[in-house]
Amino acid sequence: MGRYVIRRLLQLIPVFIGTTFLVYVLVWALPGDPFAGMCKSVCPPEFRQAMIEKYNLDENIFVQYFAYLGNLLQGDFGVTYSDREVGMLIEDAAPVSLQLAAIAVGFEALIGISAGILTGLRGRGFLDNLVLVSTLVLTAFPVFVTGFIVQLVLGSGLGIIDLTVSSDPSFGELLAPGFVLGSLSMAYVARLTRTSIAENRRADFVRTAVAKGLPHRRVVGVHLLRNSMIPVITFLGTDLGSLMGGAIVTEGIFGINGVGGLVFDGILSKEGTVVTGVVMLLVIIFLVTNLLIDLLYAVLDPRIRYE
Amino acid sequence: MSDPTMAAGGVATEEPADYVTGAEHAEGTKEKTRSLWSDAWHDLSRRPLFVLSMFVIAFLVLVAIFPTWFADANHRLRDLDRARIGPNVPYLAVCMAIIGSAITVVAAILATVGKLRDGVCRTMAPYVAGIGGLILLGGGLVNSVTLYIVIGAVVLACGIVSGVPKVSQMLRGSASTWGLVAVLAVAGIAGLVISFGDLSTVEIGAAFGYDQQGRDIYARVVHGTRYTLLVGFTATLLTVLIGSTVGILAGYFGGWLDNLLSRIGEVFFGLPFVLGAIIILSAFRSAGFDSAPAIVAMVVLSISVLSWPVAMRIMRSAAISAKQQDYVKAARALGASSRRIIFRHMLPNCLAPVLVYATIALGAFIGAEATLSFLGIGLRDPAVSWGVMIADSRNYIRASPLLLIFPASFLTLTVLVFVTIGDAVREALDPKLR
């Protein structure tokens, strides 16, 4: 186990450097003046010089990148053009995004898994078709359409929610955006659970459990469900990581000041340090959650051994 | 997004198609050997939802190629005097009634054919009738025309009655089926006659109204089809091409090449999709591409660059399992070159899982294009798409939600159709689910 973890961690390094370098190049090295929007008309040369020195812009891109990476590893995310700490900005935005992603995953788990269990146990029939069709329909709605519909119906139609959340949103305010954010994966979770249960229902260990004379509830609850949940839990885990950064659209619609909004504004205003900082963080989260999920497999399923 | 790795495993181990054993030769060709592909096609062509979706796509492609056949209004003409004028409801109702009645007539024809010759026509007829009935009913409801509502309800009832398995079993082979066919035919023709009669009483044009700049929404929806589909198809094609080339090379040669290619794939896979696309698009946007083809190419490129690792992983795992099959070993023992093995032996057998991914991805990419356009960095004028229209309407959704609803429903319908096809293809090609 320990050697496997170390090997995986070593494999992460080139991937991490590759991804972040790619982002760095795209943000900094492409044509266009990074300071174009900063001064009223033309920037004074001494200001330009100071900026270029500050961000190492006269060096070649590799030196720039590794200088940035060095700072990053010491916990320094750099500063924006208006001299605000990027680390602070992320710190302000992250809790809301995390909360939102957690609510989304909660909805996915609650609705997705129960729909999946219901249809997986029953097998083919009306309910099964209903869930299959509704998951298809759910995946056909792009997130922003779902967002607008929820906003229109619950917000301006029924008046249950406000159209946008307040600057420091409470748990209740985040419920509707969280539902919207999780709607797509919810369909997927339902299908995954259904397939997994339907497959395991015919597995040997279930047959053995039934043959032993265990009560139905125990067969389903302990033997069947616990084994069927492995792929579902791993999916939910990776989703938590990807939803944190993938919430740009949802955050935009509901006016939530989270990580997604931060990075989107950063891209629009060409704040390179903000964009690279947030993306680096998201890539780290993504890679580490993937690793954790792989390890979790071994814990949940004793048949898997990493050696 | 639906993770296609689920669909990947195990499909590639089917027998090759053009391979006949001695025993089968001796028997003669009475029983035709069926490959995975013809088996899948056999299965698919009997699924009413699949056939129906294919027809919808064929229609959408037709609209995309010849938009002027369907909308003669100029979709670029701005006239602020008519900004955000609502839809022309009477005209819309009549149009929906005509379309619904025509579909009902088609349903009657299908039911007749299905009655005479057993086949997909019979299973499709209830669906078609249901759709026709719904459109008729909708046409009646938007303008509260009682006649349309009645006809629509009758047609819908026919569809439901013949679609419920128990009821249709009872009806089969008896005169009541012909009765249903007759009801459908009469309803359809009556609907056509009435609605064509009404057509002369209403003002023609602008069925969906005008947008915030006074452009005809219907014309824009029709003209937006082209770019929406173009992005979806080309992005899928490019993704599959890059992904399967890299994947089959990695899977076949293995070793350091596999390691290198897999790591490169992971680099792109690690970028969150929306975020990565925004960064790529905004980076190249400052490079200044302004013509419609260039904008489309940028969007397609950024979608494919971020998605090919998925196709690659699927192809790679299929190639690895195919490599160990006897027919590959035999080919190698006979001295076939790597190129011949890859193209003649492995590719046909590894294609199924990638194809499944491609059909599902197509719908997802259309949605992705809309999302990017919605964020203001995807398509933009002069390339109009449904995503662009939705993005334009976002500031007005409270005052006039219809600006949003028309393009959004066409977008959702299109994605739905593609996802349905993907789902059907997966079930047909994945033996595990049979």
# chains A, B, ... in the order shown; residues from 1 in each chain; ligands from 1
$ interface_residues --of "chain B" --to "chain A" --cutoff "7 Å" --atoms "only C-alpha atoms" --output "list in words"
Met1, Ser2, Arg263, Glu266, Val267, Phe268, Gly270, Leu271, Pro272, Val274, Ile279, Ile280, Ala283, Ser286, Ala287, Gly367, Thr371, Ala408, Thr412, Val415, Leu416, Val419 and Thr420 of chain B
$ select_by_dssp --residues "segment 159-354 of chain B" --states "alpha helix (DSSP H)" --output "PyMOL selection string"
chain B and resi 159-163+165-171+175-199+217-253+255-269+273-285+292-323+326-333+338-340+347-354
$ residues_around --residues "segment 112-123 of chain B" --least-positions-apart "5" --cutoff "8 Å" --atoms "only C-alpha atoms" --output "list in words"
Ser45, Arg46, Arg47, Pro48, Gly163, Trp178 and Val181 of chain B
$ write_last_selection --atoms "C-alpha atoms" --output "PDB file, in the first residue's frame"
ATOM      1  CA  SER B  45     -33.903  -0.522 -36.202  1.00  0.00           C
ATOM      2  CA  ARG B  46     -36.554  -2.136 -34.012  1.00  0.00           C
ATOM      3  CA  ARG B  47     -36.412   0.533 -31.342  1.00  0.00           C
ATOM      4  CA  PRO B  48     -39.091   3.136 -32.003  1.00  0.00           C
ATOM      5  CA  GLY B 163     -49.085   2.349 -26.887  1.00  0.00           C
ATOM      6  CA  TRP B 178     -58.695  -0.505 -38.027  1.00  0.00           C
ATOM      7  CA  VAL B 181     -56.416   3.852 -37.766  1.00  0.00           C
TER       8      VAL B 181
END
$ atom_distance --atom1 "atom CA of Arg220 of chain B" --atom2 "atom CA of Gly138 of chain B"
21.9 Å
$ closest_residue --among "B:Val145, B:Ser282, B:Val94, B:Ala277" --to "Val193 of chain B" --atoms "only C-alpha atoms"
B:Val94
$ residues_around --residues "Arg285 of chain B" --least-positions-apart "4" --cutoff "9 Å" --atoms "only C-alpha atoms" --output "number ranges by chain"
B: 280-281, 289-290, 295, 298, 377
$ write_last_selection --atoms "all heavy atoms" --output "PDB file, in the first residue's frame"
ATOM      1  N   ILE B 280      -8.653  28.716 -22.889  1.00  0.00           N
ATOM      2  CA  ILE B 280      -8.185  28.572 -24.275  1.00  0.00           C
ATOM      3  C   ILE B 280      -8.854  29.605 -25.173  1.00  0.00           C
ATOM      4  O   ILE B 280      -8.206  30.334 -25.931  1.00  0.00           O
ATOM      5  CB  ILE B 280      -8.485  27.153 -24.802  1.00  0.00           C
ATOM      6  CG1 ILE B 280      -7.675  26.124 -24.016  1.00  0.00           C
ATOM      7  CG2 ILE B 280      -8.149  27.050 -26.274  1.00  0.00           C
ATOM      8  CD1 ILE B 280      -7.987  24.704 -24.386  1.00  0.00           C
ATOM      9  N   LEU B 281     -10.186  29.697 -25.052  1.00  0.00           N
ATOM     10  CA  LEU B 281     -10.920  30.591 -25.961  1.00  0.00           C
ATOM     11  C   LEU B 281     -10.558  32.049 -25.719  1.00  0.00           C
ATOM     12  O   LEU B 281     -10.385  32.811 -26.670  1.00  0.00           O
ATOM     13  CB  LEU B 281     -12.425  30.381 -25.790  1.00  0.00           C
ATOM     14  CG  LEU B 281     -12.938  29.122 -26.459  1.00  0.00           C
ATOM     15  CD1 LEU B 281     -14.361  28.854 -26.050  1.00  0.00           C
ATOM     16  CD2 LEU B 281     -12.853  29.264 -27.964  1.00  0.00           C
ATOM     17  N   PHE B 289      -9.675  36.576 -34.010  1.00  0.00           N
ATOM     18  CA  PHE B 289     -10.331  35.868 -35.108  1.00  0.00           C
ATOM     19  C   PHE B 289     -11.749  36.401 -35.169  1.00  0.00           C
ATOM     20  O   PHE B 289     -12.445  36.383 -34.159  1.00  0.00           O
ATOM     21  CB  PHE B 289     -10.382  34.372 -34.834  1.00  0.00           C
ATOM     22  CG  PHE B 289      -9.039  33.723 -34.857  1.00  0.00           C
ATOM     23  CD1 PHE B 289      -8.437  33.305 -33.690  1.00  0.00           C
ATOM     24  CD2 PHE B 289      -8.366  33.539 -36.055  1.00  0.00           C
ATOM     25  CE1 PHE B 289      -7.194  32.700 -33.705  1.00  0.00           C
ATOM     26  CE2 PHE B 289      -7.126  32.938 -36.081  1.00  0.00           C
ATOM     27  CZ  PHE B 289      -6.532  32.514 -34.898  1.00  0.00           C
ATOM     28  N   ASP B 290     -12.170  36.853 -36.322  1.00  0.00           N
ATOM     29  CA  ASP B 290     -13.488  37.470 -36.332  1.00  0.00           C
ATOM     30  C   ASP B 290     -14.463  36.882 -37.325  1.00  0.00           C
ATOM     31  O   ASP B 290     -15.657  37.122 -37.217  1.00  0.00           O
ATOM     32  CB  ASP B 290     -13.371  38.978 -36.564  1.00  0.00           C
ATOM     33  CG  ASP B 290     -13.136  39.693 -35.252  1.00  0.00           C
ATOM     34  OD1 ASP B 290     -13.633  39.176 -34.231  1.00  0.00           O
ATOM     35  OD2 ASP B 290     -12.467  40.723 -35.240  1.00  0.00           O
ATOM     36  N   ILE B 295     -14.273  31.480 -35.768  1.00  0.00           N
ATOM     37  CA  ILE B 295     -14.855  31.376 -34.425  1.00  0.00           C
ATOM     38  C   ILE B 295     -15.295  29.939 -34.165  1.00  0.00           C
ATOM     39  O   ILE B 295     -15.011  29.367 -33.116  1.00  0.00           O
ATOM     40  CB  ILE B 295     -16.052  32.343 -34.291  1.00  0.00           C
ATOM     41  CG1 ILE B 295     -15.590  33.785 -34.434  1.00  0.00           C
ATOM     42  CG2 ILE B 295     -16.730  32.155 -32.955  1.00  0.00           C
ATOM     43  CD1 ILE B 295     -16.725  34.769 -34.536  1.00  0.00           C
ATOM     44  N   MET B 298     -12.369  27.685 -33.549  1.00  0.00           N
ATOM     45  CA  MET B 298     -11.804  27.852 -32.207  1.00  0.00           C
ATOM     46  C   MET B 298     -12.617  27.073 -31.169  1.00  0.00           C
ATOM     47  O   MET B 298     -12.053  26.396 -30.313  1.00  0.00           O
ATOM     48  CB  MET B 298     -11.782  29.327 -31.804  1.00  0.00           C
ATOM     49  CG  MET B 298     -10.680  30.159 -32.390  1.00  0.00           C
ATOM     50  SD  MET B 298      -9.106  29.346 -32.337  1.00  0.00           S
ATOM     51  CE  MET B 298      -9.020  28.949 -30.605  1.00  0.00           C
ATOM     52  N   ILE B 377     -18.032  33.529 -24.490  1.00  0.00           N
ATOM     53  CA  ILE B 377     -16.731  33.297 -25.100  1.00  0.00           C
ATOM     54  C   ILE B 377     -16.788  32.226 -26.169  1.00  0.00           C
ATOM     55  O   ILE B 377     -15.790  31.873 -26.747  1.00  0.00           O
ATOM     56  CB  ILE B 377     -15.707  32.871 -24.046  1.00  0.00           C
ATOM     57  CG1 ILE B 377     -16.341  31.832 -23.169  1.00  0.00           C
ATOM     58  CG2 ILE B 377     -15.226  34.025 -23.230  1.00  0.00           C
ATOM     59  CD1 ILE B 377     -15.393  30.839 -22.720  1.00  0.00           C
TER      60      ILE B 377
END
$ atom_distance --atom1 "atom CA of Val105 of chain B" --atom2 "atom CA of Gly188 of chain B"
4.9 Å
$ residues_around --residues "Ile242 of chain B" --least-positions-apart "5" --cutoff "9 Å" --atoms "only C-alpha atoms" --output "PyMOL selection string"
chain B and resi 237+247+304-305+308-309+311-312
$ write_last_selection --atoms "all heavy atoms" --output "mmCIF file, in the first residue's frame"
data_model
loop_
_atom_site.group_PDB
_atom_site.id
_atom_site.type_symbol
_atom_site.label_atom_id
_atom_site.label_comp_id
_atom_site.auth_asym_id
_atom_site.auth_seq_id
_atom_site.Cartn_x
_atom_site.Cartn_y
_atom_site.Cartn_z
ATOM 1 N N LEU B 237 -16.182 14.540 -34.175
ATOM 2 C CA LEU B 237 -15.300 13.900 -35.152
ATOM 3 C C LEU B 237 -13.842 14.084 -34.758
ATOM 4 O O LEU B 237 -13.054 13.137 -34.709
ATOM 5 C CB LEU B 237 -15.561 14.507 -36.533
ATOM 6 C CG LEU B 237 -15.033 13.707 -37.708
ATOM 7 C CD1 LEU B 237 -15.839 12.429 -37.851
ATOM 8 C CD2 LEU B 237 -15.105 14.525 -38.975
ATOM 9 N N GLY B 247 -5.085 6.524 -28.711
ATOM 10 C CA GLY B 247 -5.435 5.384 -27.873
ATOM 11 C C GLY B 247 -4.999 4.061 -28.463
ATOM 12 O O GLY B 247 -4.459 3.207 -27.765
ATOM 13 N N SER B 304 -12.474 19.829 -28.420
ATOM 14 C CA SER B 304 -11.796 18.569 -28.716
ATOM 15 C C SER B 304 -10.515 18.416 -27.902
ATOM 16 O O SER B 304 -10.203 17.324 -27.425
ATOM 17 C CB SER B 304 -11.440 18.495 -30.196
ATOM 18 O OG SER B 304 -12.521 18.860 -30.965
ATOM 19 N N VAL B 305 -9.768 19.508 -27.768
ATOM 20 C CA VAL B 305 -8.500 19.431 -27.047
ATOM 21 C C VAL B 305 -8.728 18.968 -25.616
ATOM 22 O O VAL B 305 -7.914 18.243 -25.047
ATOM 23 C CB VAL B 305 -7.812 20.822 -27.075
ATOM 24 C CG1 VAL B 305 -6.834 20.966 -25.934
ATOM 25 C CG2 VAL B 305 -7.094 21.014 -28.387
ATOM 26 N N TRP B 308 -10.399 14.806 -25.862
ATOM 27 C CA TRP B 308 -9.837 13.621 -26.502
ATOM 28 C C TRP B 308 -9.309 12.588 -25.523
ATOM 29 O O TRP B 308 -9.346 11.387 -25.826
ATOM 30 C CB TRP B 308 -8.786 13.994 -27.545
ATOM 31 C CG TRP B 308 -7.519 14.576 -27.000
ATOM 32 C CD1 TRP B 308 -7.255 15.898 -26.833
ATOM 33 C CD2 TRP B 308 -6.356 13.878 -26.548
ATOM 34 N NE1 TRP B 308 -6.017 16.058 -26.300
ATOM 35 C CE2 TRP B 308 -5.432 14.836 -26.115
ATOM 36 C CE3 TRP B 308 -6.008 12.530 -26.460
ATOM 37 C CZ2 TRP B 308 -4.199 14.499 -25.591
ATOM 38 C CZ3 TRP B 308 -4.772 12.197 -25.951
ATOM 39 C CH2 TRP B 308 -3.868 13.172 -25.526
ATOM 40 N N PRO B 309 -8.806 12.978 -24.312
ATOM 41 C CA PRO B 309 -8.304 11.921 -23.430
ATOM 42 C C PRO B 309 -9.360 10.876 -23.078
ATOM 43 O O PRO B 309 -9.029 9.708 -22.886
ATOM 44 C CB PRO B 309 -7.863 12.682 -22.185
ATOM 45 C CG PRO B 309 -7.567 14.037 -22.648
ATOM 46 C CD PRO B 309 -8.546 14.310 -23.730
ATOM 47 N N ALA B 311 -11.805 9.727 -25.054
ATOM 48 C CA ALA B 311 -11.856 8.792 -26.181
ATOM 49 C C ALA B 311 -10.599 7.933 -26.201
ATOM 50 O O ALA B 311 -10.643 6.742 -26.506
ATOM 51 C CB ALA B 311 -12.004 9.556 -27.487
ATOM 52 N N MET B 312 -9.479 8.550 -25.854
ATOM 53 C CA MET B 312 -8.219 7.815 -25.858
ATOM 54 C C MET B 312 -8.243 6.680 -24.840
ATOM 55 O O MET B 312 -7.852 5.558 -25.148
ATOM 56 C CB MET B 312 -7.076 8.767 -25.537
ATOM 57 C CG MET B 312 -5.746 8.091 -25.434
ATOM 58 S SD MET B 312 -4.751 8.855 -24.151
ATOM 59 C CE MET B 312 -3.638 7.534 -23.778
#
$ residues_around --residues "segment 65-71 of chain A" --least-positions-apart "3" --cutoff "9 Å" --atoms "only C-alpha atoms" --output "MDAnalysis selection string"
chainID A and resid 20:21 24:25 55:56 60:62 74:78
$ residues_around --residues "Ala58 of chain B" --least-positions-apart "6" --cutoff "12 Å" --atoms "only C-alpha atoms" --output "VMD selection string"
chain B and resid 51 to 52 64 to 65 229 414 417 to 418
$ atom_distance --atom1 "atom CA of Gly120 of chain A" --atom2 "atom CA of Asn200 of chain A"
9.7 Å
$ closest_residue --among "A:Arg217, A:Asp128, A:Ala50, A:Gly106" --to "Tyr81 of chain A" --atoms "only C-alpha atoms"
A:Ala50
